[in-house]
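Colleague: I'm passing along structure-v4.cif; it holds mmCIF, C-alpha atoms.
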```
data_structure
#
loop_
_atom_site.group_PDB
_atom_site.id
_atom_site.type_symbol
_atom_site.label_atom_id
_atom_site.label_comp_id
_atom_site.auth_asym_id
_atom_site.auth_seq_id
_atom_site.Cartn_x
_atom_site.Cartn_y
_atom_site.Cartn_z
ATOM 1 C CA SER A 274 172.620 39.483 41.981
ATOM 2 C CA LEU A 275 173.381 43.072 42.936
ATOM 3 C CA SER A 276 175.593 43.490 39.868
ATOM 4 C CA PHE A 277 172.713 42.320 37.647
ATOM 5 C CA LEU A 278 170.361 44.796 39.338
ATOM 6 C CA GLU A 279 172.844 47.616 38.792
ATOM 7 C CA GLN A 280 173.364 46.623 35.176
ATOM 8 C CA ARG A 281 169.654 46.377 34.348
ATOM 9 C CA THR A 282 168.932 49.810 35.867
ATOM 10 C CA GLY A 283 171.864 51.584 34.246
ATOM 11 C CA GLY A 284 173.602 51.985 37.587
ATOM 12 C CA LYS A 285 170.696 53.971 39.043
ATOM 13 C CA ILE A 286 169.661 51.285 41.521
ATOM 14 C CA THR A 287 172.378 49.537 43.522
ATOM 15 C CA GLY A 288 172.600 47.634 46.765
ATOM 16 C CA ALA A 289 174.136 50.704 48.407
ATOM 17 C CA SER A 290 171.387 53.040 47.190
ATOM 18 C CA LEU A 291 168.724 50.716 48.607
ATOM 19 C CA GLY A 292 170.589 49.794 51.788
ATOM 20 C CA VAL A 293 170.621 46.065 50.964
ATOM 21 C CA ASP A 294 174.334 45.639 50.264
ATOM 22 C CA GLY A 295 175.156 44.626 53.812
ATOM 23 C CA GLU A 296 177.027 47.859 54.493
ATOM 24 C CA ASP A 297 176.173 50.062 57.452
ATOM 25 C CA ASP A 298 174.634 53.483 56.892
ATOM 26 C CA VAL A 299 177.329 54.928 59.164
ATOM 27 C CA SER A 300 180.909 54.249 58.066
ATOM 28 C CA LEU A 301 184.129 54.056 60.072
ATOM 29 C CA ASP A 302 185.073 57.461 58.678
ATOM 30 C CA ASP A 303 181.831 58.857 60.095
ATOM 31 C CA PHE A 304 182.790 57.510 63.528
ATOM 32 C CA LYS A 305 186.302 58.918 63.167
ATOM 33 C CA TYR A 306 185.201 62.405 62.202
ATOM 34 C CA ALA A 307 182.498 62.420 64.855
ATOM 35 C CA THR A 308 185.056 61.474 67.513
ATOM 36 C CA ILE A 309 187.397 64.236 66.340
ATOM 37 C CA GLY A 310 184.504 66.687 66.407
ATOM 38 C CA VAL A 311 183.483 65.691 69.933
ATOM 39 C CA THR A 312 187.076 65.979 71.155
ATOM 40 C CA LEU A 313 187.696 69.382 69.572
ATOM 41 C CA GLY A 314 184.323 70.702 70.640
ATOM 42 C CA SER A 315 184.812 69.549 74.226
ATOM 43 C CA SER A 316 188.279 71.111 74.336
ATOM 44 C CA ALA A 317 186.984 74.436 73.045
ATOM 45 C CA LEU A 318 184.098 74.453 75.522
ATOM 46 C CA GLY A 319 186.428 73.524 78.393
ATOM 47 C CA ILE A 320 188.826 76.360 77.585
ATOM 48 C CA ALA A 321 185.963 78.821 77.139
ATOM 49 C CA SER A 322 184.459 77.878 80.501
ATOM 50 C CA LEU A 323 187.792 78.567 82.258
ATOM 51 C CA VAL A 324 188.236 81.904 80.503
ATOM 52 C CA PHE A 325 184.745 83.365 80.708
ATOM 53 C CA LEU A 326 183.189 81.854 83.841
ATOM 54 C CA PRO A 327 183.939 82.234 87.564
ATOM 55 C CA ASP A 328 186.728 80.008 88.854
ATOM 56 C CA ASN A 329 184.667 77.306 90.581
ATOM 57 C CA THR A 330 181.986 77.143 87.899
ATOM 58 C CA GLY A 331 184.508 77.215 85.097
ATOM 59 C CA ALA A 332 186.623 74.466 86.634
ATOM 60 C CA ALA A 333 183.601 72.235 87.208
ATOM 61 C CA LEU A 334 182.354 72.667 83.647
ATOM 62 C CA CYS A 335 185.838 72.182 82.228
ATOM 63 C CA TYR A 336 186.104 68.876 84.095
ATOM 64 C CA GLY A 337 182.710 67.819 82.743
ATOM 65 C CA PHE A 338 183.633 68.722 79.169
ATOM 66 C CA ALA A 339 186.875 66.772 79.534
ATOM 67 C CA LEU A 340 184.860 63.649 80.316
ATOM 68 C CA LEU A 341 182.732 63.898 77.168
ATOM 69 C CA PRO A 342 185.291 62.361 74.772
ATOM 70 C CA VAL A 343 185.995 59.623 77.326
ATOM 71 C CA GLY A 344 182.291 58.813 77.559
ATOM 72 C CA TRP A 345 181.953 58.931 73.773
ATOM 73 C CA VAL A 346 184.733 56.379 73.296
ATOM 74 C CA ALA A 347 183.397 54.192 76.114
ATOM 75 C CA ILE A 348 179.930 54.060 74.550
ATOM 76 C CA GLY A 349 181.447 53.411 71.130
ATOM 77 C CA SER A 350 183.372 50.451 72.505
ATOM 78 C CA SER A 351 180.465 48.845 74.352
ATOM 79 C CA ALA A 352 177.405 49.940 72.329
ATOM 80 C CA PRO A 353 178.422 51.329 68.919
ATOM 81 C CA GLY A 354 174.828 51.158 67.721
ATOM 82 C CA ILE A 355 173.946 54.074 70.002
ATOM 83 C CA LEU A 356 176.598 56.283 68.442
ATOM 84 C CA ALA A 357 175.626 55.118 64.963
ATOM 85 C CA GLY A 358 172.054 56.187 65.671
ATOM 86 C CA ILE A 359 173.188 59.612 66.872
ATOM 87 C CA ILE A 360 175.426 60.126 63.837
ATOM 88 C CA ALA A 361 172.706 58.970 61.427
ATOM 89 C CA THR A 362 170.188 61.332 63.046
ATOM 90 C CA VAL A 363 172.565 64.271 62.639
ATOM 91 C CA GLN A 364 173.270 63.328 59.033
ATOM 92 C CA ASN A 365 169.576 63.006 58.205
ATOM 93 C CA GLY A 366 168.908 66.324 59.901
ATOM 94 C CA LYS A 367 171.022 68.059 57.264
ATOM 95 C CA ASP A 368 168.253 67.583 54.703
ATOM 96 C CA GLY A 369 166.114 70.661 54.205
ATOM 97 C CA ASP A 370 162.387 70.587 54.905
ATOM 98 C CA ASP A 371 161.540 70.645 51.206
ATOM 99 C CA GLU A 372 163.814 67.680 50.520
ATOM 100 C CA LYS A 373 162.374 65.703 53.431
ATOM 101 C CA GLU A 374 158.847 66.367 52.182
ATOM 102 C CA ASP A 375 159.800 65.327 48.661
ATOM 103 C CA ARG A 376 161.494 62.143 49.924
ATOM 104 C CA ILE A 377 158.507 61.108 52.017
ATOM 105 C CA CYS A 378 155.946 61.770 49.296
ATOM 106 C CA ARG A 379 158.018 60.085 46.586
ATOM 107 C CA HIS A 380 158.534 57.057 48.812
ATOM 108 C CA GLU A 381 154.848 56.649 49.634
ATOM 109 C CA ALA A 382 153.727 57.488 46.098
ATOM 110 C CA GLY A 383 156.040 54.728 44.876
ATOM 111 C CA HIS A 384 154.300 52.226 47.149
ATOM 112 C CA PHE A 385 150.862 53.438 46.090
ATOM 113 C CA LEU A 386 151.507 53.343 42.349
ATOM 114 C CA VAL A 387 153.169 49.918 42.332
ATOM 115 C CA GLY A 388 150.550 48.432 44.655
ATOM 116 C CA TYR A 389 147.810 49.806 42.415
ATOM 117 C CA LEU A 390 149.466 48.484 39.255
ATOM 118 C CA CYS A 391 149.826 45.071 40.904
ATOM 119 C CA GLY A 392 146.085 45.084 41.611
ATOM 120 C CA LEU A 393 146.366 44.888 45.397
ATOM 121 C CA PRO A 394 143.600 46.233 47.668
ATOM 122 C CA VAL A 395 144.496 49.050 50.051
ATOM 123 C CA ARG A 396 144.680 47.898 53.657
ATOM 124 C CA SER A 397 145.148 51.332 55.208
ATOM 125 C CA TYR A 398 145.657 54.901 54.070
ATOM 126 C CA SER A 399 146.103 57.583 56.687
ATOM 127 C CA THR A 400 148.184 60.617 57.526
ATOM 128 C CA SER A 401 151.261 59.667 59.519
ATOM 129 C CA THR A 402 151.620 61.456 62.845
ATOM 130 C CA GLU A 403 155.390 61.314 62.379
ATOM 131 C CA THR A 404 155.677 62.799 58.888
ATOM 132 C CA GLY A 405 152.384 64.613 58.424
ATOM 133 C CA PHE A 406 151.819 62.982 55.014
ATOM 134 C CA PRO A 407 149.716 60.023 53.850
ATOM 135 C CA CYS A 408 151.046 56.516 54.357
ATOM 136 C CA VAL A 409 149.667 53.513 52.466
ATOM 137 C CA GLU A 410 149.673 49.766 53.130
ATOM 138 C CA PHE A 411 148.301 46.948 50.970
ATOM 139 C CA HIS A 412 146.810 43.511 51.505
ATOM 140 C CA PRO A 413 148.819 40.678 49.867
ATOM 141 C CA SER A 414 145.716 39.740 47.878
ATOM 142 C CA ALA A 415 141.953 40.220 47.718
ATOM 143 C CA GLU A 416 141.440 37.183 49.958
ATOM 144 C CA GLY A 417 140.603 37.558 53.632
ATOM 145 C CA ASN A 418 142.295 36.041 56.672
ATOM 146 C CA PRO A 419 145.221 38.492 57.005
ATOM 147 C CA GLY A 420 147.248 36.123 59.201
ATOM 148 C CA ARG A 421 147.247 33.168 56.802
ATOM 149 C CA GLU A 422 150.277 31.737 55.026
ATOM 150 C CA LEU A 423 151.166 33.387 51.726
ATOM 151 C CA THR A 424 151.679 31.763 48.340
ATOM 152 C CA ALA A 425 154.842 32.185 46.292
ATOM 153 C CA GLU A 426 153.008 34.544 43.943
ATOM 154 C CA GLU A 427 151.774 36.725 46.807
ATOM 155 C CA ILE A 428 155.269 36.881 48.311
ATOM 156 C CA ALA A 429 156.707 37.895 44.940
ATOM 157 C CA VAL A 430 154.147 40.680 44.448
ATOM 158 C CA MET A 431 154.630 42.021 47.970
ATOM 159 C CA SER A 432 158.399 42.036 47.387
ATOM 160 C CA VAL A 433 157.839 44.414 44.489
ATOM 161 C CA VAL A 434 155.545 46.679 46.509
ATOM 162 C CA ALA A 435 157.860 46.673 49.533
ATOM 163 C CA MET A 436 160.900 47.738 47.502
ATOM 164 C CA SER A 437 159.065 50.355 45.444
ATOM 165 C CA GLY A 438 159.352 53.102 48.053
ATOM 166 C CA SER A 439 163.130 52.847 48.335
ATOM 167 C CA VAL A 440 163.517 52.574 44.570
ATOM 168 C CA ALA A 441 161.391 55.696 44.096
ATOM 169 C CA GLU A 442 163.645 57.579 46.508
ATOM 170 C CA ALA A 443 166.862 56.295 44.961
ATOM 171 C CA LEU A 444 165.787 57.360 41.468
ATOM 172 C CA VAL A 445 165.789 61.001 42.584
ATOM 173 C CA PHE A 446 168.134 61.205 45.578
ATOM 174 C CA ASP A 447 170.648 58.451 44.697
ATOM 175 C CA THR A 448 170.187 56.836 48.119
ATOM 176 C CA ALA A 449 167.050 55.830 50.010
ATOM 177 C CA LYS A 450 166.608 56.715 53.664
ATOM 178 C CA GLY A 451 163.088 55.470 54.344
ATOM 179 C CA GLY A 452 163.337 51.784 53.504
ATOM 180 C CA GLY A 453 164.229 50.301 56.884
ATOM 181 C CA ASN A 454 160.643 49.631 57.930
ATOM 182 C CA ASP A 455 159.830 48.266 54.470
ATOM 183 C CA LEU A 456 162.614 45.693 54.744
ATOM 184 C CA LEU A 457 161.429 44.670 58.225
ATOM 185 C CA GLU A 458 157.862 44.267 56.965
ATOM 186 C CA LEU A 459 159.112 42.250 53.999
ATOM 187 C CA GLU A 460 161.081 40.018 56.337
ATOM 188 C CA GLY A 461 157.860 39.403 58.269
ATOM 189 C CA LEU A 462 156.076 38.474 55.042
ATOM 190 C CA PHE A 463 158.827 36.016 54.161
ATOM 191 C CA LYS A 464 158.161 34.238 57.454
ATOM 192 C CA ARG A 465 154.512 33.775 56.426
ATOM 193 C CA SER A 466 155.435 32.013 53.197
ATOM 194 C CA LYS A 467 153.963 28.542 52.664
ATOM 195 C CA GLU A 468 157.295 27.483 51.237
ATOM 196 C CA PHE A 469 160.464 27.813 53.279
ATOM 197 C CA LEU A 470 162.533 30.785 52.109
ATOM 198 C CA GLY A 471 166.209 30.617 52.980
ATOM 199 C CA ALA A 472 168.494 33.623 53.203
ATOM 200 C CA VAL A 473 169.622 33.372 49.577
ATOM 201 C CA LYS A 474 166.050 33.119 48.274
ATOM 202 C CA GLN A 475 165.017 36.104 50.392
ATOM 203 C CA GLN A 476 167.876 38.153 48.964
ATOM 204 C CA ASP A 477 166.934 37.140 45.443
ATOM 205 C CA LEU A 478 163.304 38.133 45.988
ATOM 206 C CA THR A 479 164.323 41.469 47.472
ATOM 207 C CA ARG A 480 166.567 42.296 44.532
ATOM 208 C CA TRP A 481 164.026 41.051 41.995
ATOM 209 C CA GLY A 482 161.397 43.176 43.718
ATOM 210 C CA ALA A 483 163.657 46.217 43.370
ATOM 211 C CA LEU A 484 164.163 45.586 39.651
ATOM 212 C CA ALA A 485 160.468 44.960 38.990
ATOM 213 C CA SER A 486 159.436 48.104 40.867
ATOM 214 C CA TYR A 487 162.075 50.098 38.953
ATOM 215 C CA ASN A 488 160.543 48.962 35.676
ATOM 216 C CA LEU A 489 157.031 49.857 36.835
ATOM 217 C CA LEU A 490 158.036 53.297 38.135
ATOM 218 C CA THR A 491 160.128 54.278 35.123
ATOM 219 C CA GLY A 492 157.472 52.919 32.772
ATOM 220 C CA ASN A 493 154.780 55.082 34.370
ATOM 221 C CA LYS A 494 156.656 58.332 35.021
ATOM 222 C CA GLY A 495 153.762 60.616 34.191
ATOM 223 C CA ALA A 496 151.330 58.888 36.526
ATOM 224 C CA TYR A 497 153.986 58.701 39.243
ATOM 225 C CA GLU A 498 154.741 62.441 39.177
ATOM 226 C CA LYS A 499 151.028 63.247 39.363
ATOM 227 C CA LEU A 500 150.723 60.894 42.305
ATOM 228 C CA VAL A 501 153.648 62.560 44.103
ATOM 229 C CA GLU A 502 151.833 65.890 43.851
ATOM 230 C CA ALA A 503 148.644 64.257 45.100
ATOM 231 C CA PHE A 504 150.502 62.976 48.178
ATOM 232 C CA LYS A 505 151.956 66.407 48.848
ATOM 233 C CA ALA A 506 148.426 67.802 48.702
ATOM 234 C CA LYS A 507 147.270 64.953 51.004
ATOM 235 C CA LYS A 508 144.618 63.758 48.572
ATOM 236 C CA THR A 509 142.235 60.881 49.302
ATOM 237 C CA VAL A 510 142.620 57.357 47.937
ATOM 238 C CA ALA A 511 139.998 58.052 45.270
ATOM 239 C CA GLU A 512 141.775 61.251 44.220
ATOM 240 C CA CYS A 513 145.133 59.432 44.086
ATOM 241 C CA ILE A 514 143.650 56.748 41.847
ATOM 242 C CA ALA A 515 142.128 59.468 39.644
ATOM 243 C CA ALA A 516 145.575 61.067 39.339
ATOM 244 C CA ILE A 517 147.037 57.740 38.149
ATOM 245 C CA GLU A 518 144.263 57.036 35.662
ATOM 246 C CA SER A 519 144.283 60.588 34.251
ATOM 247 C CA ASP A 520 147.749 60.092 32.778
#
```
If you convert what's in this file into structure tokens, what do you get?
Modeller:
Amino acid sequence: SLSFLEQRTGGKITGASLGVDGEDDVSLDDFKYATIGVTLGSSALGIASLVFLPDNTGAALCYGFALLPVGWVAIGSSAPGILAGIIATVQNGKDGDDEKEDRICRHEAGHFLVGYLCGLPVRSYSTSTETGFPCVEFHPSAEGNPGRELTAEEIAVMSVVAMSGSVAEALVFDTAKGGGNDLLELEGLFKRSKEFLGAVKQQDLTRWGALASYNLLTGNKGAYEKLVEAFKAKKTVAECIAAIESD
């Protein structure tokens, strides 16, 4: 359970920190404050346009600014996910460049270290066009046929690797921001299981994977920190492995 996970990690890893507690990243308070901000900002811009611009231009812009809060509320009522995405983007944008770089490299280094310790072969390792830093993916096992059904053991191991990136983030930043794609990929792996995995079993595997990856990361701190630096320097796979084994 989530309480067991929190207890075993000394409160460092929780459902909220990993984004698996069922709560949304954007709260009702976030929506409330964003709505207040849009309303106040639109009012200020409308008044400024009337004061500083020619009559016709100012009146037209003031009318347009007055419609912004109305449009905001209308979108929130019909498609709240759009507003949630906007709010989340603004919130994430508050992170400095150094923090973003550290988050990305710690996340990917977590995947690399845990995948390596689990003995999985690297499927791909390349610099992401989105982040500018290396991104790693692993095969579920050394066997071929990538589209085949997966055994219970392979699913369990991939659960650990999938959760390791978010756990690595949460250990330093309290909350993980880069685990959404990992959870989607893990969900896809669950669907390839030879045995049927219901919702409860999937949740259990996800939480167990988080705990197992926590133990691996905290038990290999020295190697992990060297690997983080290797990712920041955009080292090759061989150099990353050398960094792990030099600890």
Colleague: Figure out the distance between CA of Glu518 (chain A) and CA of Gly453 (chain A), please, to one decimal in Å.
Modeller: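 We find that CA of Gly453 (chain A) and CA of Glu518 (chain A) lie 29.9 Å from each other.
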Colleague: Figure out the distance between CA of Thr308 (chain A) and CA of Gly337 (chain A), please, to one decimal in Å.
Modeller: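 Those two atoms sit 16.7 Å apart.
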Colleague: Which residue gives the smallest distance to Glu372 (chain A) among A:Ala496, A:Val445, A:Leu478, A:Ile309, with all atoms listed in the file counted?
Modeller: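 Checking each candidate against Glu372 (chain A), we get A:Val445 as the closest.
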Colleague: Selected by the PyMOL selection byres ((chain A and resi 415) around 12) in the shown coordinates: which residues, as a list in words?
Modeller: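 Selection result, ordered by chain and number: Cys391, Gly392, Leu393, Pro394, Val395, Arg396, Phe411, His412, Pro413, Ser414, Glu416, Gly417, Asn418, Pro419 and Glu427 of chain A.
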Colleague: Carefully work through the PyMOL selection byres ((chain A and resi 312) around 12) for this structure and note down the residues it includes, as a PyMOL selection string.
Modeller: chain A and resi 305-311+313-319+338-346
Colleague: Would you translate the PyMOL selection byres ((chain A and resi 280-294) around 9) into the concrete set of residues it matches in this file, as a PyMOL selection string?
Modeller: chain A and resi 275-279+295-298+436+439-440+442-444+446-450+452-453+456+476+479-480+483-484+487-488
Colleague: Nearest residue to Ser486 (chain A) out of A:Pro407, A:Pro353, A:Pro327, A:Gly388, using all atoms listed in the file?
Modeller: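 Of A:Pro407, A:Pro353, A:Pro327, A:Gly388, the one nearest Ser486 (chain A) is A:Gly388, counting all atoms listed in the file.
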Colleague: Just how far from CA of Val434 (chain A) is CA of Val387 (chain A), in Å to one decimal?
Modeller: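 Separation of CA of Val387 (chain A) and CA of Val434 (chain A): 5.8 Å.
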Colleague: Go through A:Phe304, A:Tyr336, A:Phe325, A:Tyr398 and flag the residue nearest Val510 (chain A), using all atoms listed in the file for the distances.
Modeller: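 Checking each of A:Phe304, A:Tyr336, A:Phe325, A:Tyr398 against Val510 (chain A), counting all atoms listed in the file, the winner is A:Tyr398.
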Colleague: Between A:Ile517, A:Ala347, A:Ala503, A:Leu301, which is the closest to Phe406 (chain A) once you count only C-alpha atoms?
Modeller: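 Comparing A:Ile517, A:Ala347, A:Ala503, A:Leu301 against Phe406 (chain A), the winner is A:Ala503.
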Colleague: Which of these, A:Gly471, A:Asp303, A:Gly461, A:Ser437, has the shortest distance to Ile359 (chain A) once you count all atoms listed in the file?
Modeller: A:Asp303
Colleague: Determine the nearest neighbour of Leu470 (chain A) from the options A:Leu423, A:Ala382, A:Ile514, A:Leu390, counting only C-alpha atoms.
Modeller: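 Smallest distance to Leu470 (chain A) is found for A:Leu423.
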Colleague: Using only C-alpha atoms, list the residues that have an atom at most 7 Å from (158.7, 55.7, 40.8), coordinates as in the file, as a PyMOL selection string.
Modeller: chain A and resi 383+440-441+487+490-491+494+497
Colleague: Given 5 Å of margin on each side, can you work out the centre and size in Å (one decimal) of an axis-aligned box holding every listed atom of region 379-394 of chain A, as AutoDock Vina command-line options?
Modeller:
```
--center_x 151.1 --center_y 52.5 --center_z 44.4 --size_x 24.9 --size_y 25.2 --size_z 20.4
```
